Structure formats: structure tokens, C-alpha cells
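Before any comments, here is the structure.
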Amino acid sequence: MVRGKTEMKRIENATSRQVTFSKRRNGLLKKAFELSVLCDAEVALIIFSPRGKLYEFSSSSINKTIDRYQNRTKELMSSSNTALEDVQLEKEYDSFSMTKKLEHLEVCKRKLLGDGLDLCSIEELQQLERQLERSLSKIRSRKYQMLKEEIVKLKEEEKMLLEENAALLKKVGTESEQRAEAKQRSEGHQEIMEVETELFIGPPESRSSNGFL
């Protein structure tokens with residue numbers, strides 16, 4: 001017979017609940033005993049029934065195990081507090097160190113701007129001078145690089161403009177040629193019309209005398 005899986009929720013029927021408690025209590029006490037014997041573990045188990053009845057098991061002494069548990073808990077809490085104190089001290093040290101670094105950077109910044117140089121030694125002034133020279137060298141190098149990039153960009157734009165200008169000139173020349181050809185055709189057509197008009201000018205008599213009638 002296959003046992004069904006028990007749903008993990010409170011058993012509503014009081015009788016079934018009491019039967020299940022008795023069976024599982026005994027099984028739990030048995031497992032605690034086996035664990036203490038097989039693994040040489042110090043095990044203490046305390047169970048209160050739904051009616052408040054006490055059941056307990058201890059591999060040595062229940063009070064001794066409870067005392068050991070309390071002492072261990074205090075040690076863990078003390079270790080935790082010590083760790084928190086160490087973290088807090090580390091944060092305070094980091095904050096202090098960062099403040100000192102910011103103050104040092106501020107002093108260096110003022111010296112680089114020319115302030116507070118009266119108390120500087122020759123070595124400090126020489127160091128500041130070298131630092132300024134290195135900074136100027138980097139600034140000039142970056143400036144030349146940006147100018148070079150700008151020149152390349154302008155040349156590319158110039159090339160594009162020349163190509164567009166050449167295309168426009170070609171387009172304008174083509175349109176001029178087309179207008180010239182159209183003008184020539186128009187003038188030729190005008191001459192033909194004038195010739196035809198001269199041939200038919202005059203009264204009908206003159207046309208008949210010329211042999212058209």
C-alpha cells in the first residue's frame with residue numbers, strides 16, 4: 001500500500017491531530033537519540049504538546065546543553081558587535097583619510113594657481129615647476145591633436161563643397177545649353193512663320209494675279 005503525501009497544514013480533527021503528534025513525537029525523539037549516539041553529538045530536545053505537556057531528551061544534561069547554548073549565543077553576539085565596531089572604525093578611518101587627501105589636493109591646487117608659495121622650499125617650487133611643465137606639455141599636445149582633427153574635418157567639408165559646386169555648375173551649364181537650344185528652335189520657328197505670313201499678305205486679286213487662282 002502506497003502512503004499518500006501529507007499536506008503540511010494544521011490537522012482540523014482533534015483525534016487525528018493527537019495521533020499524529022504522538023507518532024511524530026516518538027519518531028523525533030528516536031532520531032535525536034540516534035544522532036547523539038551515531039555522531040557523538042550533544043543533542044537536547046524540548047517538546048510541548050498542544051495541551052502543554054513537556055517531553056524532553058538530552059544526550060547529557062538538558063540544563064548543561066541550555067547553558068552551553070546561551071554562552072555560545074553570547075559569544076556570537078560579542079563577535080558580531082566586535083565586527084560591527086571594526087567596520088565602523090574602518091569607515092571612520094576611510095573618511096578621515098579621504099578628508100586628508102581632499103585637503104592635500106586643495107593645497108596643491110592653490111599652489112598651482114600661485115597661492116601660498118611663500119612657505120614653499122626650493123625643492124617644492126622646483127617640483128611645482130616640473131608639474132606645471134608636464135601639464136602644459138599635455139595641454140599643448142591635446143590642443144595640437146584637436147587642431148589637426150579640425151583641419152581634417154574642414155578639408156573634408158571643403159571637398160564636399162567643391163563636389164557640390166561642380167555638380168551645380170554642370171547642372172547650370174546643361175540648363176543653359178537647353179535654354180539656348182530652345183531659343184534657337186523658337187527663333188527658327190519664328191522665321192518660318194514670318195516667311196509664310198509674307199507669302200499670303202495682300203488682297204485676293206493680287207494672289208490671283210500671282211497665279212494662285
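Identifiers in this document derive from the order of the C-alpha cells: chains are assigned A, B, ..., residues are numbered from 1 separately in each chain, and ligands are numbered from 1 in order of occurrence.
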**Item:** Shell of 12 Å around segment 46-48 of chain A, only C-alpha atoms, local chain residues under 3 positions omitted, as a VMD selection string
**Value:** chain A and resid 21 to 22 24 to 26 28 to 29 32 43 51 to 58 62 to 63 65 to 66
Could those residues be written to a file, using C-alpha atoms, as a PDB file, in the first residue's frame?
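Everything below was put into out-v2.pdb:
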```
ATOM      1  CA  PHE A  21       1.522  14.208  17.373  1.00  0.00           C
ATOM      2  CA  SER A  22       2.229  11.024  19.311  1.00  0.00           C
ATOM      3  CA  ARG A  24       5.877  12.071  15.124  1.00  0.00           C
ATOM      4  CA  ARG A  25       6.982  12.955  18.668  1.00  0.00           C
ATOM      5  CA  ASN A  26       8.244   9.450  19.206  1.00  0.00           C
ATOM      6  CA  LEU A  28      11.602  12.823  16.589  1.00  0.00           C
ATOM      7  CA  LEU A  29      12.870  11.585  19.968  1.00  0.00           C
ATOM      8  CA  ALA A  32      17.556  12.738  18.330  1.00  0.00           C
ATOM      9  CA  VAL A  43      21.630  16.871  21.455  1.00  0.00           C
ATOM     10  CA  ARG A  51      -2.088  20.688  25.935  1.00  0.00           C
ATOM     11  CA  GLY A  52       1.172  21.966  27.444  1.00  0.00           C
ATOM     12  CA  LYS A  53       2.711  18.657  28.459  1.00  0.00           C
ATOM     13  CA  LEU A  54       6.532  18.632  28.398  1.00  0.00           C
ATOM     14  CA  TYR A  55       8.612  15.995  26.580  1.00  0.00           C
ATOM     15  CA  GLU A  56      12.392  16.266  26.512  1.00  0.00           C
ATOM     16  CA  PHE A  57      15.532  14.396  25.558  1.00  0.00           C
ATOM     17  CA  SER A  58      19.173  15.167  26.251  1.00  0.00           C
ATOM     18  CA  ILE A  62      19.315  19.402  29.395  1.00  0.00           C
ATOM     19  CA  ASN A  63      20.414  22.260  31.684  1.00  0.00           C
ATOM     20  CA  THR A  65      23.151  21.981  26.991  1.00  0.00           C
ATOM     21  CA  ILE A  66      20.986  25.082  27.525  1.00  0.00           C
TER      22      ILE A  66
END
```
**Request:** Using backbone DSSP assignments, extract all alpha helix (DSSP H) residues from segment 56-127 of chain A; output them as a ChimeraX atom specification.
**Result:** /A:62-112,122-127
**Request:** Tell me, as a VMD selection string, which residues lie within 12 Å of Gln127 of chain A, counting only C-alpha atoms; anything in the same chain fewer than 5 positions away does not count.
**Result:** chain A and resid 108 111 to 112 120 to 122 132 to 134
Restricting it to N, CA, C and O atoms, dump the selection as a PDB file, in the first residue's frame.
```pdb
ATOM      1  N   CYS A 108      47.514  71.686  -2.947  1.00  0.00           N
ATOM      2  CA  CYS A 108      48.247  71.584  -4.215  1.00  0.00           C
ATOM      3  C   CYS A 108      47.609  72.448  -5.295  1.00  0.00           C
ATOM      4  O   CYS A 108      48.306  73.098  -6.084  1.00  0.00           O
ATOM      5  N   LYS A 111      48.539  76.046  -4.716  1.00  0.00           N
ATOM      6  CA  LYS A 111      49.932  76.301  -5.091  1.00  0.00           C
ATOM      7  C   LYS A 111      50.097  76.371  -6.601  1.00  0.00           C
ATOM      8  O   LYS A 111      50.845  77.201  -7.123  1.00  0.00           O
ATOM      9  N   LEU A 112      49.382  75.487  -7.314  1.00  0.00           N
ATOM     10  CA  LEU A 112      49.465  75.508  -8.775  1.00  0.00           C
ATOM     11  C   LEU A 112      48.882  76.800  -9.347  1.00  0.00           C
ATOM     12  O   LEU A 112      49.296  77.253 -10.427  1.00  0.00           O
ATOM     13  N   CYS A 120      56.907  77.780   0.627  1.00  0.00           N
ATOM     14  CA  CYS A 120      57.457  76.633  -0.104  1.00  0.00           C
ATOM     15  C   CYS A 120      58.975  76.721  -0.174  1.00  0.00           C
ATOM     16  O   CYS A 120      59.558  77.803  -0.336  1.00  0.00           O
ATOM     17  N   SER A 121      59.603  75.558  -0.092  1.00  0.00           N
ATOM     18  CA  SER A 121      61.055  75.480  -0.236  1.00  0.00           C
ATOM     19  C   SER A 121      61.426  75.460  -1.716  1.00  0.00           C
ATOM     20  O   SER A 121      60.566  75.376  -2.598  1.00  0.00           O
ATOM     21  N   ILE A 122      62.742  75.528  -1.979  1.00  0.00           N
ATOM     22  CA  ILE A 122      63.219  75.481  -3.358  1.00  0.00           C
ATOM     23  C   ILE A 122      62.813  74.166  -4.026  1.00  0.00           C
ATOM     24  O   ILE A 122      62.382  74.142  -5.187  1.00  0.00           O
ATOM     25  N   LEU A 132      53.947  71.767 -13.568  1.00  0.00           N
ATOM     26  CA  LEU A 132      53.306  72.698 -14.494  1.00  0.00           C
ATOM     27  C   LEU A 132      53.795  72.480 -15.925  1.00  0.00           C
ATOM     28  O   LEU A 132      53.007  72.545 -16.874  1.00  0.00           O
ATOM     29  N   GLU A 133      55.090  72.207 -16.079  1.00  0.00           N
ATOM     30  CA  GLU A 133      55.629  71.948 -17.414  1.00  0.00           C
ATOM     31  C   GLU A 133      55.021  70.691 -18.020  1.00  0.00           C
ATOM     32  O   GLU A 133      54.681  70.657 -19.209  1.00  0.00           O
ATOM     33  N   ARG A 134      54.876  69.639 -17.202  1.00  0.00           N
ATOM     34  CA  ARG A 134      54.236  68.419 -17.700  1.00  0.00           C
ATOM     35  C   ARG A 134      52.783  68.687 -18.098  1.00  0.00           C
ATOM     36  O   ARG A 134      52.305  68.199 -19.132  1.00  0.00           O
TER      37      ARG A 134
END
```
**strand (DSSP E) positions in segment 11-115 of chain A, given as a PyMOL selection string** = chain A and resi 44-48+54-58
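In this structure, atom CA of Lys109 of chain A sits 14.6 Å away from atom CA of Arg130 of chain A.
Compared by their closest atoms to Leu35 of chain A, and using only C-alpha atoms, the residues A:Glu92, A:Thr20, A:Arg72, A:Ser59 rank with A:Ser59 nearest.
From atom CA of Gly116 of chain A back to atom CA of Lys138 of chain A, the distance works out to 24.8 Å.
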